[in-house]
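Just work.pdb here, PDB, C-alpha atoms:
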ATOM      1  CA  MET A   1     -12.244 -20.542 -22.209
ATOM      2  CA  HIS A   2      -8.543 -20.393 -23.074
ATOM      3  CA  ASP A   3      -8.012 -16.682 -22.429
ATOM      4  CA  LYS A   4      -5.161 -17.327 -19.983
ATOM      5  CA  SER A   5      -3.331 -19.562 -22.472
ATOM      6  CA  ILE A   6      -3.814 -17.032 -25.276
ATOM      7  CA  ASP A   7      -2.405 -14.290 -23.049
ATOM      8  CA  LEU A   8       0.648 -16.397 -22.140
ATOM      9  CA  LEU A   9       1.200 -17.451 -25.753
ATOM     10  CA  ASN A  10       1.095 -13.789 -26.841
ATOM     11  CA  ARG A  11       3.545 -12.840 -24.080
ATOM     12  CA  ALA A  12       5.850 -15.554 -25.393
ATOM     13  CA  ILE A  13       5.525 -14.148 -28.918
ATOM     14  CA  GLY A  14       6.601 -10.758 -27.577
ATOM     15  CA  ASP A  15       9.641 -12.323 -25.924
ATOM     16  CA  GLU A  16      10.540 -14.323 -29.024
ATOM     17  CA  LEU A  17      10.213 -11.271 -31.295
ATOM     18  CA  ALA A  18      12.456  -9.289 -28.958
ATOM     19  CA  ALA A  19      14.978 -12.132 -29.149
ATOM     20  CA  VAL A  20      14.828 -12.183 -32.960
ATOM     21  CA  HIS A  21      15.560  -8.460 -33.103
ATOM     22  CA  GLN A  22      18.317  -8.644 -30.487
ATOM     23  CA  TYR A  23      20.032 -11.643 -32.047
ATOM     24  CA  MET A  24      19.927 -10.210 -35.549
ATOM     25  CA  TYR A  25      21.438  -7.003 -34.167
ATOM     26  CA  PHE A  26      24.201  -9.083 -32.580
ATOM     27  CA  HIS A  27      24.599 -11.056 -35.814
ATOM     28  CA  PHE A  28      25.155  -7.858 -37.829
ATOM     29  CA  HIS A  29      27.715  -6.512 -35.375
ATOM     30  CA  CYS A  30      29.613  -9.786 -34.967
ATOM     31  CA  ASP A  31      29.731 -10.112 -38.733
ATOM     32  CA  ASP A  32      30.991  -6.553 -39.055
ATOM     33  CA  GLN A  33      33.728  -7.260 -36.487
ATOM     34  CA  GLY A  34      34.846 -10.400 -38.328
ATOM     35  CA  PHE A  35      33.508 -12.939 -35.821
ATOM     36  CA  ASP A  36      31.896 -15.286 -38.333
ATOM     37  CA  LEU A  37      31.215 -18.189 -35.983
ATOM     38  CA  LEU A  38      29.458 -16.031 -33.406
ATOM     39  CA  ALA A  39      27.614 -14.128 -36.136
ATOM     40  CA  LEU A  40      26.340 -17.436 -37.476
ATOM     41  CA  LEU A  41      25.348 -18.610 -33.994
ATOM     42  CA  PHE A  42      23.277 -15.466 -33.431
ATOM     43  CA  LYS A  43      21.688 -15.745 -36.880
ATOM     44  CA  LYS A  44      20.735 -19.398 -36.394
ATOM     45  CA  THR A  45      19.298 -18.643 -32.958
ATOM     46  CA  ALA A  46      17.228 -15.795 -34.422
ATOM     47  CA  ILE A  47      15.826 -18.221 -36.995
ATOM     48  CA  ASP A  48      14.960 -20.699 -34.219
ATOM     49  CA  GLU A  49      13.161 -17.901 -32.388
ATOM     50  CA  MET A  50      11.209 -17.038 -35.551
ATOM     51  CA  LEU A  51      10.076 -20.651 -35.753
ATOM     52  CA  HIS A  52       8.942 -20.374 -32.124
ATOM     53  CA  VAL A  53       6.825 -17.345 -33.050
ATOM     54  CA  GLU A  54       5.214 -19.371 -35.805
ATOM     55  CA  LYS A  55       4.339 -22.271 -33.492
ATOM     56  CA  LEU A  56       2.972 -19.925 -30.837
ATOM     57  CA  ALA A  57       0.881 -18.024 -33.390
ATOM     58  CA  GLU A  58      -0.530 -21.258 -34.814
ATOM     59  CA  ARG A  59      -1.607 -22.303 -31.322
ATOM     60  CA  ILE A  60      -3.232 -18.931 -30.627
ATOM     61  CA  LEU A  61      -5.167 -19.121 -33.883
ATOM     62  CA  PHE A  62      -6.288 -22.661 -33.088
ATOM     63  CA  LEU A  63      -7.620 -21.363 -29.765
ATOM     64  CA  LYS A  64      -9.490 -18.652 -31.748
ATOM     65  CA  GLY A  65      -7.371 -15.881 -30.253
ATOM     66  CA  GLU A  66      -5.752 -12.813 -31.762
ATOM     67  CA  VAL A  67      -2.009 -12.925 -32.456
ATOM     68  CA  LYS A  68      -0.681  -9.622 -31.106
ATOM     69  CA  MET A  69       2.921  -9.550 -32.450
ATOM     70  CA  GLU A  70       4.020  -6.946 -29.883
ATOM     71  CA  VAL A  71       7.759  -6.886 -29.222
ATOM     72  CA  ALA A  72       8.379  -7.235 -25.480
ATOM     73  CA  GLU A  73      11.421  -4.946 -25.267
ATOM     74  CA  PRO A  74      13.644  -2.799 -27.478
ATOM     75  CA  VAL A  75      17.033  -3.877 -28.782
ATOM     76  CA  ASP A  76      20.001  -3.219 -26.507
ATOM     77  CA  HIS A  77      22.772  -1.585 -28.526
ATOM     78  CA  ILE A  78      25.678  -3.724 -27.359
ATOM     79  CA  HIS A  79      28.871  -3.977 -29.412
ATOM     80  CA  ASP A  80      31.143  -5.845 -26.997
ATOM     81  CA  VAL A  81      31.017  -9.559 -27.811
ATOM     82  CA  LYS A  82      31.290 -10.747 -24.219
ATOM     83  CA  LYS A  83      28.395  -8.476 -23.220
ATOM     84  CA  MET A  84      26.385  -9.735 -26.201
ATOM     85  CA  LEU A  85      26.844 -13.308 -25.032
ATOM     86  CA  GLU A  86      25.968 -12.399 -21.440
ATOM     87  CA  LYS A  87      22.779 -10.682 -22.620
ATOM     88  CA  ALA A  88      21.865 -13.649 -24.833
ATOM     89  CA  ARG A  89      22.494 -16.139 -22.033
ATOM     90  CA  ALA A  90      20.343 -14.108 -19.635
ATOM     91  CA  MET A  91      17.545 -13.846 -22.217
ATOM     92  CA  GLU A  92      17.512 -17.598 -22.774
ATOM     93  CA  GLU A  93      17.609 -18.309 -19.043
ATOM     94  CA  GLY A  94      14.680 -15.948 -18.472
ATOM     95  CA  SER A  95      12.646 -17.473 -21.283
ATOM     96  CA  ALA A  96      13.214 -21.008 -20.014
ATOM     97  CA  LYS A  97      12.113 -19.963 -16.534
ATOM     98  CA  ASP A  98       8.996 -18.180 -17.810
ATOM     99  CA  TYR A  99       8.017 -21.002 -20.163
ATOM    100  CA  ASN A 100       8.324 -23.549 -17.358
ATOM    101  CA  LEU A 101       5.942 -21.468 -15.230
ATOM    102  CA  TRP A 102       3.597 -20.853 -18.134
ATOM    103  CA  ALA A 103       3.474 -24.565 -18.978
ATOM    104  CA  ASN A 104       2.232 -25.184 -15.447
ATOM    105  CA  GLU A 105      -0.350 -22.397 -15.752
ATOM    106  CA  CYS A 106      -1.657 -23.884 -18.996
ATOM    107  CA  ALA A 107      -1.903 -27.305 -17.339
ATOM    108  CA  ALA A 108      -3.830 -25.759 -14.427
ATOM    109  CA  ASN A 109      -6.275 -24.328 -16.982
ATOM    110  CA  ALA A 110      -6.832 -27.661 -18.771
ATOM    111  CA  ASP A 111      -4.737 -26.778 -21.843
ATOM    112  CA  SER A 112      -2.297 -29.642 -22.199
ATOM    113  CA  VAL A 113      -1.352 -28.804 -25.789
ATOM    114  CA  SER A 114      -0.147 -25.296 -24.879
ATOM    115  CA  LYS A 115       1.591 -26.851 -21.866
ATOM    116  CA  LYS A 116       3.444 -29.239 -24.176
ATOM    117  CA  LEU A 117       4.368 -26.399 -26.551
ATOM    118  CA  PHE A 118       5.891 -24.400 -23.697
ATOM    119  CA  GLU A 119       7.789 -27.494 -22.527
ATOM    120  CA  GLU A 120       9.222 -27.957 -26.028
ATOM    121  CA  LEU A 121      10.263 -24.321 -26.109
ATOM    122  CA  VAL A 122      12.035 -24.750 -22.761
ATOM    123  CA  MET A 123      14.234 -27.425 -24.337
ATOM    124  CA  ASP A 124      15.223 -25.087 -27.191
ATOM    125  CA  GLU A 125      15.867 -22.173 -24.831
ATOM    126  CA  GLU A 126      18.056 -24.327 -22.597
ATOM    127  CA  ARG A 127      20.027 -25.468 -25.654
ATOM    128  CA  HIS A 128      20.526 -21.833 -26.683
ATOM    129  CA  PHE A 129      21.536 -20.952 -23.123
ATOM    130  CA  ASP A 130      24.143 -23.714 -23.202
ATOM    131  CA  GLN A 131      25.564 -22.507 -26.526
ATOM    132  CA  TYR A 132      26.038 -18.981 -25.197
ATOM    133  CA  ASP A 133      27.377 -20.278 -21.898
ATOM    134  CA  VAL A 134      30.001 -22.366 -23.730
ATOM    135  CA  GLU A 135      31.085 -19.353 -25.784
ATOM    136  CA  LEU A 136      31.420 -17.250 -22.635
ATOM    137  CA  ASP A 137      33.428 -20.027 -21.020
ATOM    138  CA  ASN A 138      35.733 -20.133 -24.063
ATOM    139  CA  ILE A 139      36.302 -16.382 -23.864
ATOM    140  CA  GLY A 140      36.990 -16.739 -20.142
ATOM    141  CA  ARG A 141      39.498 -19.537 -20.668
ATOM    142  CA  PHE A 142      41.216 -18.306 -23.822
ATOM    143  CA  GLY A 143      40.694 -14.540 -23.577
ATOM    144  CA  ASP A 144      40.667 -12.237 -26.562
ATOM    145  CA  GLY A 145      42.761 -14.758 -28.479
ATOM    146  CA  TYR A 146      39.628 -16.864 -28.875
ATOM    147  CA  LEU A 147      37.930 -14.018 -30.742
ATOM    148  CA  ALA A 148      41.091 -13.181 -32.692
ATOM    149  CA  LEU A 149      41.145 -16.730 -34.062
ATOM    150  CA  GLN A 150      37.681 -16.210 -35.548
ATOM    151  CA  SER A 151      38.811 -12.999 -37.218
ATOM    152  CA  ILE A 152      41.922 -14.686 -38.620
ATOM    153  CA  GLU A 153      39.831 -17.596 -39.899
ATOM    154  CA  ARG A 154      37.554 -15.133 -41.719
ATOM    155  CA  SER A 155      40.530 -13.493 -43.411
ATOM    156  CA  LYS A 156      41.856 -16.882 -44.515
ATOM    157  CA  ASN A 157      38.461 -17.931 -45.885
ATOM    158  CA  ARG A 158      37.900 -14.675 -47.743
ATOM    159  CA  SER A 159      41.357 -14.658 -49.294
ATOM    160  CA  ALA A 160      40.726 -18.240 -50.445
ATOM    161  CA  GLY A 161      37.364 -17.202 -51.905
ATOM    162  CA  ASN A 162      35.353 -19.182 -49.335
ATOM    163  CA  PRO A 163      33.290 -16.775 -47.227
ATOM    164  CA  ILE A 164      31.174 -18.308 -44.450
ATOM    165  CA  ASP A 165      27.437 -17.845 -44.912
TER     166      ASP A 165
END
Encoded form using C-alpha cells:
Amino acid sequence: MHDKSIDLLNRAIGDELAAVHQYMYFHFHCDDQGFDLLALLFKKTAIDEMLHVEKLAERILFLKGEVKMEVAEPVDHIHDVKKMLEKARAMEEGSAKDYNLWANECAANADSVSKKLFEELVMDEERHFDQYDVELDNIGRFGDGYLALQSIERSKNRSAGNPID
C-alpha cells in the first residue's frame, strides 16, 4: 500500500548517508587544515543528517518496509575549502528540491505522515544550504584572509590550552 513512500524514504536515506560521509570527510580535512569553525560546521551537519536517517528509517519500519541503507553516491575527494562549501551547498539544494517533490508524491499516495516528514527535512536542508551559502559569501567578500583568521584562532586556542571540539 505504501510502496511508493517506502521507496522515496529509502532514496532519502541513501542521500542522507552520502551526505554524512561527505561532510565527515570535509570535517576531517578542514580540521587538518586548521579551519576549526568550518570543521565544526561540517561535523554538526553530518550529525543532523544522521538524525534524518534515523527518522526516515523509523518511518519505513512503521510502514512495514525494509530499510536499505544504501549510500547514494561515493565521497568526492575535495580538499579546497571553497569547493567543499560549493559541493555542500549544491547537495543541500538538491535534497531540498527532491524532498519537496517527494512530499507531494507521498500526499498524492495518501501518506500525510511521510509528506510531513519530508517537509520537515526540507526546512533542515534549507537551513544547511543557508549556512554554506553564508560561508561562501564570507570567502567571496573577505578572501583567503577569512580562512586565515580561523587558522590563527586555532593556534591561539591551542597555545592557551583551549582546543575547539
Residues around (34.4, -13.8, -25.6), cut-off 10 Å, counting only C-alpha atoms - what are they as a ChimeraX atom specification? /A:38,80-86,132,134-148
So that all listed atoms of segment 116-129 of chain A fit with 8 Å spare on each side, what axis-aligned box centre and edge lengths in Å, to one decimal, would you give as JSON?
{"center_x": 12.5, "center_y": -25.1, "center_z": -24.9, "size_x": 34.1, "size_y": 24.3, "size_z": 20.7}
Could you produce a table of the residues of segment 19-94 of chain A lying within 9 Å of segment 122-125 of chain A, with the nearest pair of atoms per residue and their separation in Å rounded to one decimal, using all atoms listed in the file, ordered by chain and increasing residue number, as a Markdown table?
| residue | atom | partner | partner_atom | distance |
| --- | --- | --- | --- | --- |
| A:Asp48 | CA | A:Asp124 | CA | 8.3 |
| A:Met91 | CA | A:Glu125 | CA | 8.9 |
| A:Glu92 | CA | A:Glu125 | CA | 5.3 |
| A:Glu93 | CA | A:Glu125 | CA | 7.2 |
| A:Gly94 | CA | A:Glu125 | CA | 9.0 |
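With only C-alpha atoms as the atoms that count, the minimum distance from Asp7 of chain A to the choices A:Met50, A:Ala19, A:Met69, A:Cys30 is reached by A:Met69.
Of the listed residues A:Arg59, A:Lys64, A:Gln150, A:Phe42, the one whose atoms come nearest to Lys115 of chain A is A:Arg59, with distances taken using only C-alpha atoms.
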Take the point (5.4, -15.9, -28.8) in the file's coordinates, draw a sphere of radius 7 Å around it, and report as a list in words every protein, DNA or RNA residue with an atom inside or on it, counting only C-alpha atoms. Leu9, Asn10, Arg11, Ala12, Ile13, Gly14, Asp15, Glu16, His52, Val53, Leu56 and Ala57 of chain A
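Among the candidate residues A:Ser5, A:Leu121, A:Phe129, A:Tyr23, the one lying nearest to Leu63 of chain A is A:Ser5, with distances computed using only C-alpha atoms.
Across the model, the gap from atom CA of Tyr99 of chain A to atom CA of His79 of chain A is 28.5 Å.
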Between A:Glu119, A:Asp36, A:Leu149, A:Ala88, which has the minimum distance to Asp76 of chain A (counting only C-alpha atoms)? A:Ala88
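With only C-alpha atoms as the atoms that count, the residue of A:Ala110, A:Ala96, A:Ala103, A:Ile78 with the shortest distance to Asp130 of chain A is A:Ala96.
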Quick one: of A:Arg127, A:Lys43, A:Lys87, A:His2, who's nearest to Leu61 of chain A, counting all atoms listed in the file? A:His2
For the atom pair atom CA of Glu70 of chain A and atom CA of Asp133 of chain A, what is the interatomic distance in Å to one decimal place? 28.1 Å
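Of note, atom CA of Asn109 of chain A and atom CA of Lys68 of chain A are spaced 21.1 Å apart.
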Neighbouring residues of Ile6 of chain A were defined as those with any atom within 8 Å, considering only C-alpha atoms; residues of the same chain fewer than 6 positions away were excluded. Please report them as a PyMOL selection string. chain A and resi 60+63+65-66
